[in-house]
Each structure stands twice: as structure tokens, then as C-alpha cells.
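One structure is given below, encoded as C-alpha cells.
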Amino acid sequence: MTDTKRRLRIAVLNRVFSPIGGGAERYSIALVEQLADRHEIHVFAQQIDHHWPGVTYHRIARPLAKPRWMNQLWYASATWWATRRGFDVVHSHENTWHGQVQTVHVLPVKYTLFHGRTGWRLALQWLKVATSPRLMAYLGLEHARFSNASSRRIVVTSNVLMNQMASTYPATIPALRLVSPGVTMTGAFATPEQQIAARQTLHLPPTGLGILFVGNDYRKKGLATLIKALAELSGNTWLAVVGNAAQSAEFKVQTQAAGVADRVFFLGNLKDVNDAYLAVDCLAHPTLEDTFAMVVLEAMAHGLPVVVSSARYCGISDLLTDGVNAILLAEPRDSKALASALCRVIQTPSLRRDLAQAAMAFASSHQWSAVALQQETIYFSLLDAKT
């Protein structure tokens with residue numbers, strides 16, 4: 001980052017500012033940490049579990065946690081009032097109508113509702129929206145968010161999401177910018193001693209081959225398929241599940257039905273997932289929908305071979321090469337194909353080694369320091385355009 005650029009006063013909007021929130025939250029946190037030594041950063045959030053030198057935190061009230069759509073409207077209104085003046089840039093990671101920079105982490109609501117539907121199916125969807133205050137609120141916020149695109153920069157996290165945004169909101173095309181997530185490299189593969197220590201810390205089996213799953217939405221990220229696949233693998237293979245513990249009970253029932261309850265370990269949310277990456281031998285991410293999937297990049301930075309859904313389902317896979325730096329799944333719902341891919345990785349040490357080395361090389365070219373430079377450039381280009 002050049003020293004010729006002036007120090008900006010930046011407001012960052014994210015309802016949950018915590019590393020256990022998910023990929024979008026970790027993305028915004030990483031950017032704040034990278035930019036805090038160069039700019040005056042103010043974070044506006046309802047849930048804050050983060051502290052960084054030089055960052056000012058503003059807690060936004062949450063009078064109604066549920067329904068979520070009403071809280072979203074409240075948060076948008078409260079942050080608009082709090083940031084309507086006094087900032088060079090307002091950067092929103094939320095569905096709000098204000099903010100010169102908008103980072104989109106998920107599929108547009110409009111795309112999810114209407115993409116591929118025609119005729120009576122399309123009419124039924126519009127009827128569904130017309131009778132749902134929740135959907136009307138989300139669509140209304142989204143429409144406002146992507147209006148006035150000529151005076152905004154709309155950041156997307158993958159080429160896949162950029163194409164979806166362009167097809168759903170064509171007026172945003174001139175404003176779209178790609179800023180993919182990054183990582184902070186560990187710099188080395190985990191040693192056997194580090195793996196054993198991490199397993200002890202997380203109360204995982206000290207022996208055997210470990211598979212890691214990370215995700216807050218177990219259904220969308222494909223845990224059900226992974227549980228079925230585990231039943232096809234040898235008995236010394238086990239699975240560690242990191243993410244929202246609220247869904248654990250439902251999936252524990254599935255592990256019992258599949259006969260693998262004693263080989264699946266639900267760890268809940270971890271503030272620091274580093275030990276989980278150190279403890280296992282590979283990552284499985286048979287997601288049904290991910291605009292990028294930061295967890296895959298983070299696992300690769302730790303030198304883990306990854307088995308992940310193809311680009312049709314997962315944004316990062318658009319950048320990966322099957323059999324070179326990852327194993328890509330054509331159909332993530334196919335438990336036998338997933339089991340076969342995991343079996344190849346687990347039972348072929350040379351493949352596991354080659355994938356791990358290529359994964360770390362890939363991750364090394366996606367550093368948060370470079371990502372922050374991209375984001376800073378967007379800030380200044382926006383201000384220059386206004387001038």
C-alpha cells in the first residue's frame with residue numbers, strides 16, 4: 001500500500017462481527033485488521049466479539065432479534081442514521097440501502113427466488129412474495145442496495161457470483177468489482193507432533209485418518225451426504241464437524257442411522273479453527289451452494305488436501321484444477337462419488353502429498369495483504385470519481 005494515499009475514515013457495517021459468524025464475517029474482520037493501521041476504522045455491529053488496535057466499535061441495539069427481517073430493517077435504519085455523515089466511505093457487508101461500497105457474499109434474493117422460472121411458476125413466486133412481508137422486506141432492501149449503481153462500487157467474492165449478479169441486476173455491471181477472500185499463510189505443514197497435540201486439545205481420536213467439515217448450515221454445506229460417505233470408508237476414518245451446534249441434534253440422528261455415530265465428533269463453533277485444521281488429514285466440502293467457500297482456502301493454506309464441490313456449486317472451484325490442487329465433485333449429493341474421492345485421498349499417500357503441496361502453493365497467491373490493497377484501491381477510485 002502506498003504512503004501517498006490519505007488516511008480515510010471508514011464505517012464498516014456487519015451485524016455479527018465475530019470470527020465464529022461464518023465466511024462473510026471472517027472476510028470483513030480480516031479486511032478491518034489489514035486496513036486498521038492505515039485508516040480510521042469504525043465497526044457498526046449488533047454482536048461484537050473482536051478487538052483490534054485502532055478500531056472503534058459501535059454496538060447497534062437489537063430490540064427485536066426475531067423475526068430476522070424486522071431486525072434487518074432495524075439494523076439498516078440504525079446504521080444509516082449513525083453513518084449518514086462524517087465518513088469518507090461507508091462499506092456495508094449487509095443488505096442495506098446505504099453505503100458507497102457494498103460487498104455481496106451470498107446469492108441475490110431475487111436470483112434465488114426467480115432464476116430459471118417462467119410462466120405459471122414465475123407467477124407463483126411473485127404471489128409468494130406478495131403475501132410474505134419477509135420476502136418483500138428482503139427484496140426491497142436488495143433493490144435499494146443495488147440501485148444508484150453508478151455512484152457505488154459493488155464488490156463480489158467470486159467470478160461465479162459476479163455472473164449471477166450481472167444476470168440478476170444488469171444495471172450493476174459497471175459497478176461490479178471482484179475481491180476474492182484471502183488467507184494468512186501458516187508457512188509450513190503440520191508436524192505429527194502438532195497433529196497429535198491438536199487432536200488432544202479437541203478431544204479427537206489420537207489415531208486414524210481425520211476428515212474435517214466446517215460450516216454453519218449443515219444442510220446447505222452437504223453434511224448429510226458426507227455422513228453417508230463416511231459409512232463407506234474404513235473404520236479407522238473419522239469426521240470432525242465444526243459449526244453451528246444448534247443443528248447437531250438432527251445430524252447426530254443421521255450418524256446413528258448410518259452406523260457411524262462413534263466416528264463423528266461435533267465440535268460446535270470454534271473461535272479459532274486452527275487446531276481443527278492441524279488435527280485432520282483432509283477437508284471435505286460437498287456444498288450445495290457457496291459463492292466462494294473461505295473454509296476451502298483456509299484448509300489449503302494449512303496444507304490440507306481438499307475434496308470440494310465443482311464450480312457449479314462452489315465459487316472457489318472456478319479457480320481450482322481437479323486432480324492438481326483439489327478433488328472436485330461433479331455432483332455433491334452423490335455419497336458414493338464422495339466416498340470414492342475421499343478414499344483416493346486417504347489411501348493414496350502420494351496423491352495426498354501432491355494435493356497438499358499444490359494447495360499450499362495456491363493459497364500463497366491469495367494473501368489478505370494483497371486483498372486489502374485491492375479493497376483500498378476501490379475506496380480511492382470511488383472518491384476520485386466523486387471528485
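By convention in this document, the chains of the C-alpha cells carry letters A, B, ... by their order, each chain's residues are numbered from 1, and ligands are numbered from 1 in the order they are shown.
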
Name the residues of range 176-292 of chain A that fall into strand (DSSP E or B) according to DSSP on the backbone, using the chain letters and numbers of this document, as a short mmCIF file (atom, residue, chain, number, x, y, z; two decimals) with C-alpha atoms, in the first residue's frame.
```
data_model
loop_
_atom_site.label_atom_id
_atom_site.label_comp_id
_atom_site.auth_asym_id
_atom_site.auth_seq_id
_atom_site.Cartn_x
_atom_site.Cartn_y
_atom_site.Cartn_z
CA LEU A 176 -19.10 -4.69 -10.06
CA ARG A 177 -15.62 -5.40 -8.70
CA LEU A 178 -14.08 -8.77 -7.83
CA VAL A 183 -5.65 -16.14 3.98
CA LEU A 209 -7.38 -40.62 9.50
CA GLY A 210 -9.40 -37.50 10.18
CA ILE A 211 -11.74 -35.66 7.81
CA LEU A 212 -12.82 -32.11 8.60
CA PHE A 213 -16.16 -30.47 7.81
CA VAL A 214 -16.68 -26.76 8.57
CA THR A 237 -11.55 -42.94 9.38
CA TRP A 238 -13.42 -40.36 11.45
CA LEU A 239 -15.07 -37.00 10.91
CA ALA A 240 -14.77 -33.75 12.88
CA VAL A 241 -17.68 -31.31 12.41
CA VAL A 242 -17.14 -27.63 13.18
CA VAL A 264 -18.36 -38.39 14.08
CA PHE A 265 -17.35 -35.65 16.52
CA PHE A 266 -19.41 -32.47 16.74
CA LEU A 267 -17.13 -29.68 18.00
CA GLY A 268 -19.57 -26.78 17.71
CA CYS A 282 -8.13 -33.62 4.65
CA LEU A 283 -11.14 -31.34 4.26
CA ALA A 284 -14.47 -32.40 2.73
CA HIS A 285 -16.77 -29.64 1.49
CA ASP A 290 -21.24 -21.38 -1.78
#
```

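Once Gly23 in chain A and its same-chain neighbours fewer than 5 positions away are set aside, Ser28, Ile29, His105, Pro181, Gly215, Asn216, Asp290, Phe292, Ala293, Met294 and Val295 of chain A remain within 10 Å of it when counting only C-alpha atoms.
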
Please, could you write that set of residues out with N, CA and C atoms as a short mmCIF file (atom, residue, chain, number, x, y, z; two decimals), in the first residue's frame?
```cif
data_model
loop_
_atom_site.label_atom_id
_atom_site.label_comp_id
_atom_site.auth_asym_id
_atom_site.auth_seq_id
_atom_site.Cartn_x
_atom_site.Cartn_y
_atom_site.Cartn_z
N SER A 28 -14.83 -9.77 6.44
CA SER A 28 -14.84 -8.36 6.85
C SER A 28 -13.86 -8.11 7.99
N ILE A 29 -13.73 -9.06 8.91
CA ILE A 29 -12.78 -8.92 10.01
C ILE A 29 -11.35 -8.84 9.48
N HIS A 105 -21.88 -11.27 -0.38
CA HIS A 105 -21.30 -12.57 -0.01
C HIS A 105 -22.19 -13.74 -0.39
N PRO A 181 -11.67 -13.63 -1.28
CA PRO A 181 -11.08 -13.73 0.05
C PRO A 181 -9.62 -14.13 0.02
N GLY A 215 -18.84 -25.66 8.63
CA GLY A 215 -19.96 -24.93 8.05
C GLY A 215 -21.04 -24.68 9.08
N ASN A 216 -21.69 -23.53 9.01
CA ASN A 216 -22.77 -23.22 9.96
C ASN A 216 -24.11 -23.76 9.51
N ASP A 290 -22.24 -22.24 -2.40
CA ASP A 290 -21.24 -21.38 -1.78
C ASP A 290 -20.74 -20.40 -2.83
N PHE A 292 -18.18 -18.55 -2.53
CA PHE A 292 -16.72 -18.72 -2.58
C PHE A 292 -16.29 -19.95 -1.78
N ALA A 293 -16.50 -19.95 -0.48
CA ALA A 293 -16.08 -21.01 0.46
C ALA A 293 -14.67 -20.72 1.00
N MET A 294 -14.63 -19.78 1.95
CA MET A 294 -13.35 -19.43 2.57
C MET A 294 -12.72 -20.61 3.29
N VAL A 295 -13.55 -21.51 3.82
CA VAL A 295 -13.02 -22.64 4.56
C VAL A 295 -12.10 -23.48 3.69
#
```

Self-check item: For Leu342 in chain A: contacts at 10 Å, only C-alpha atoms, fewer than 2 positions along chain excluded, given as a PyMOL selection string
Solution: chain A and resi 211+226+229-230+232-233+282-284+305-307+327+336-340+344-348

Output C-alpha atoms for every residue in the selection just made, as an mmCIF file, in the first residue's frame.
```cif
data_model
loop_
_atom_site.group_PDB
_atom_site.id
_atom_site.type_symbol
_atom_site.label_atom_id
_atom_site.label_comp_id
_atom_site.auth_asym_id
_atom_site.auth_seq_id
_atom_site.Cartn_x
_atom_site.Cartn_y
_atom_site.Cartn_z
ATOM 1 C CA ILE A 211 -11.738 -35.662 7.806
ATOM 2 C CA LEU A 226 -20.705 -36.700 3.968
ATOM 3 C CA ALA A 229 -19.949 -41.328 2.544
ATOM 4 C CA LEU A 230 -18.183 -41.928 5.858
ATOM 5 C CA GLU A 232 -18.412 -46.391 3.047
ATOM 6 C CA LEU A 233 -14.910 -45.698 4.379
ATOM 7 C CA CYS A 282 -8.130 -33.625 4.654
ATOM 8 C CA LEU A 283 -11.139 -31.345 4.265
ATOM 9 C CA ALA A 284 -14.469 -32.397 2.726
ATOM 10 C CA PRO A 305 -5.885 -31.785 0.532
ATOM 11 C CA VAL A 306 -9.486 -30.771 -0.161
ATOM 12 C CA VAL A 307 -12.461 -32.540 -1.726
ATOM 13 C CA ILE A 327 -10.560 -33.083 -5.989
ATOM 14 C CA LYS A 336 -20.722 -42.900 -3.309
ATOM 15 C CA ALA A 337 -18.755 -40.488 -5.513
ATOM 16 C CA LEU A 338 -17.785 -38.516 -2.418
ATOM 17 C CA ALA A 339 -16.702 -41.704 -0.641
ATOM 18 C CA SER A 340 -14.640 -42.713 -3.671
ATOM 19 C CA ARG A 344 -8.467 -41.927 -3.095
ATOM 20 C CA VAL A 345 -7.101 -39.125 -0.974
ATOM 21 C CA ILE A 346 -6.935 -41.045 2.282
ATOM 22 C CA GLN A 347 -5.497 -44.291 0.939
ATOM 23 C CA THR A 348 -3.008 -42.796 -1.533
#
```

Exercise. Could you give me the residues within range 36-246 of chain A that DSSP places in alpha helix (DSSP H), as a PyMOL selection string?
Key: chain A and resi 68-83+109-114+119-130+133-145+159-168+192-202+223-230

Practice problem: Please provide the set of residues having any atom within 7 Å of range 36-53 of chain A, restricted to only C-alpha atoms, with same-chain residues fewer than 5 positions apart removed, written as a PyMOL selection string. | Solution: chain A and resi 7-18+58-62

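Going from CA of Gln247 in chain A over to CA of Pro206 in chain A, you cover 26.0 Å.
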
Practice problem: Tell me, as a list in words, which residues lie within 9 Å of Ala258 in chain A, counting only C-alpha atoms; anything in the same chain fewer than 6 positions away does not count. | Solution: Ile227, Lys228, Leu230 and Ala231 of chain A

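Distance annotation: of A:Leu278, A:Met300, A:Val89, A:Leu382, the residue with the minimal separation from Glu193 in chain A is A:Leu278; atom set is only C-alpha atoms.
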
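Each of A:Val101, A:Ala197, A:Ala171, A:Leu73 was checked against Phe380 in chain A using only C-alpha atoms; the smallest atom-to-atom distance is that of A:Val101.
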
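In this model, the gap between CA of Val296 in chain A and CA of Val253 in chain A comes to 26.6 Å.
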
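Here the question is which of A:Gln34, A:Gly21, A:Thr201, A:Asn236 gets nearest to Val260 in chain A using only C-alpha atoms, and that residue is A:Asn236.
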
Self-check item: Nearest to Lys220 in chain A by atom-to-atom distance, counting only C-alpha atoms, from A:Arg333, A:Arg263, A:Arg134, A:His115
Solution: A:Arg333

Ala356 in chain A environment, 10 Å, only C-alpha atoms, sequence neighbours closer than 3 positions dropped, as a PDB file with N, CA and C atoms, in the first residue's frame:
```
ATOM      1  N   PHE A 189       3.746 -27.218   6.775  1.00  0.00           N
ATOM      2  CA  PHE A 189       2.803 -28.294   7.040  1.00  0.00           C
ATOM      3  C   PHE A 189       2.828 -28.646   8.525  1.00  0.00           C
ATOM      4  N   ASP A 281      -6.572 -34.852   8.341  1.00  0.00           N
ATOM      5  CA  ASP A 281      -5.752 -35.210   7.183  1.00  0.00           C
ATOM      6  C   ASP A 281      -6.296 -34.656   5.872  1.00  0.00           C
ATOM      7  N   CYS A 282      -7.566 -34.238   5.855  1.00  0.00           N
ATOM      8  CA  CYS A 282      -8.130 -33.625   4.654  1.00  0.00           C
ATOM      9  C   CYS A 282      -9.418 -32.890   5.014  1.00  0.00           C
ATOM     10  N   ALA A 299      -8.198 -24.161   4.576  1.00  0.00           N
ATOM     11  CA  ALA A 299      -7.671 -25.522   4.698  1.00  0.00           C
ATOM     12  C   ALA A 299      -6.452 -25.711   3.794  1.00  0.00           C
ATOM     13  N   MET A 300      -6.528 -25.168   2.585  1.00  0.00           N
ATOM     14  CA  MET A 300      -5.401 -25.274   1.655  1.00  0.00           C
ATOM     15  C   MET A 300      -4.179 -24.557   2.194  1.00  0.00           C
ATOM     16  N   ALA A 301      -4.390 -23.433   2.885  1.00  0.00           N
ATOM     17  CA  ALA A 301      -3.270 -22.695   3.464  1.00  0.00           C
ATOM     18  C   ALA A 301      -2.585 -23.491   4.572  1.00  0.00           C
ATOM     19  N   HIS A 302      -3.314 -24.429   5.158  1.00  0.00           N
ATOM     20  CA  HIS A 302      -2.733 -25.299   6.178  1.00  0.00           C
ATOM     21  C   HIS A 302      -2.150 -26.576   5.565  1.00  0.00           C
ATOM     22  N   GLY A 303      -2.124 -26.644   4.232  1.00  0.00           N
ATOM     23  CA  GLY A 303      -1.548 -27.803   3.576  1.00  0.00           C
ATOM     24  C   GLY A 303      -2.439 -29.026   3.594  1.00  0.00           C
ATOM     25  N   LEU A 304      -3.749 -28.817   3.646  1.00  0.00           N
ATOM     26  CA  LEU A 304      -4.674 -29.953   3.631  1.00  0.00           C
ATOM     27  C   LEU A 304      -5.163 -30.214   2.214  1.00  0.00           C
ATOM     28  N   PRO A 305      -5.193 -31.463   1.789  1.00  0.00           N
ATOM     29  CA  PRO A 305      -5.885 -31.785   0.532  1.00  0.00           C
ATOM     30  C   PRO A 305      -7.378 -31.558   0.731  1.00  0.00           C
ATOM     31  N   VAL A 306      -8.058 -31.077  -0.297  1.00  0.00           N
ATOM     32  CA  VAL A 306      -9.486 -30.771  -0.161  1.00  0.00           C
ATOM     33  C   VAL A 306     -10.286 -31.505  -1.228  1.00  0.00           C
ATOM     34  N   VAL A 324      -5.250 -31.676  -9.411  1.00  0.00           N
ATOM     35  CA  VAL A 324      -3.972 -30.972  -9.265  1.00  0.00           C
ATOM     36  C   VAL A 324      -3.864 -30.320  -7.894  1.00  0.00           C
ATOM     37  N   ASN A 325      -4.786 -29.404  -7.589  1.00  0.00           N
ATOM     38  CA  ASN A 325      -4.747 -28.780  -6.265  1.00  0.00           C
ATOM     39  C   ASN A 325      -6.020 -29.051  -5.458  1.00  0.00           C
ATOM     40  N   ALA A 326      -6.905 -29.884  -5.975  1.00  0.00           N
ATOM     41  CA  ALA A 326      -8.124 -30.278  -5.271  1.00  0.00           C
ATOM     42  C   ALA A 326      -8.773 -31.434  -6.018  1.00  0.00           C
ATOM     43  N   SER A 350       0.789 -40.623  -1.768  1.00  0.00           N
ATOM     44  CA  SER A 350       1.448 -39.767  -2.767  1.00  0.00           C
ATOM     45  C   SER A 350       0.468 -38.715  -3.306  1.00  0.00           C
ATOM     46  N   LEU A 351      -0.782 -39.111  -3.539  1.00  0.00           N
ATOM     47  CA  LEU A 351      -1.790 -38.146  -4.000  1.00  0.00           C
ATOM     48  C   LEU A 351      -2.064 -37.114  -2.923  1.00  0.00           C
ATOM     49  N   ARG A 352      -2.173 -37.571  -1.689  1.00  0.00           N
ATOM     50  CA  ARG A 352      -2.423 -36.648  -0.578  1.00  0.00           C
ATOM     51  C   ARG A 352      -1.292 -35.636  -0.460  1.00  0.00           C
ATOM     52  N   ARG A 353      -0.066 -36.109  -0.630  1.00  0.00           N
ATOM     53  CA  ARG A 353       1.096 -35.216  -0.547  1.00  0.00           C
ATOM     54  C   ARG A 353       1.090 -34.212  -1.694  1.00  0.00           C
ATOM     55  N   ALA A 359      -2.000 -27.313  -2.961  1.00  0.00           N
ATOM     56  CA  ALA A 359      -2.965 -26.494  -2.221  1.00  0.00           C
ATOM     57  C   ALA A 359      -2.268 -25.329  -1.534  1.00  0.00           C
ATOM     58  N   MET A 360      -1.148 -25.603  -0.905  1.00  0.00           N
ATOM     59  CA  MET A 360      -0.432 -24.531  -0.213  1.00  0.00           C
ATOM     60  C   MET A 360       0.120 -23.514  -1.212  1.00  0.00           C
ATOM     61  N   ALA A 361       0.562 -23.980  -2.365  1.00  0.00           N
ATOM     62  CA  ALA A 361       1.043 -23.057  -3.398  1.00  0.00           C
ATOM     63  C   ALA A 361      -0.089 -22.155  -3.886  1.00  0.00           C
ATOM     64  N   PHE A 362      -1.281 -22.737  -4.054  1.00  0.00           N
ATOM     65  CA  PHE A 362      -2.451 -21.947  -4.472  1.00  0.00           C
ATOM     66  C   PHE A 362      -2.784 -20.896  -3.420  1.00  0.00           C
TER      67      PHE A 362
END
```

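Taking CA of Ser92 in chain A as the reference point, CA of Arg152 in chain A is found at 11.2 Å.
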
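When only C-alpha atoms are used to measure the gap to Cys314 in chain A, the shortest distance among A:Ala363, A:Ala249, A:Val160, A:Ile20 belongs to A:Val160.
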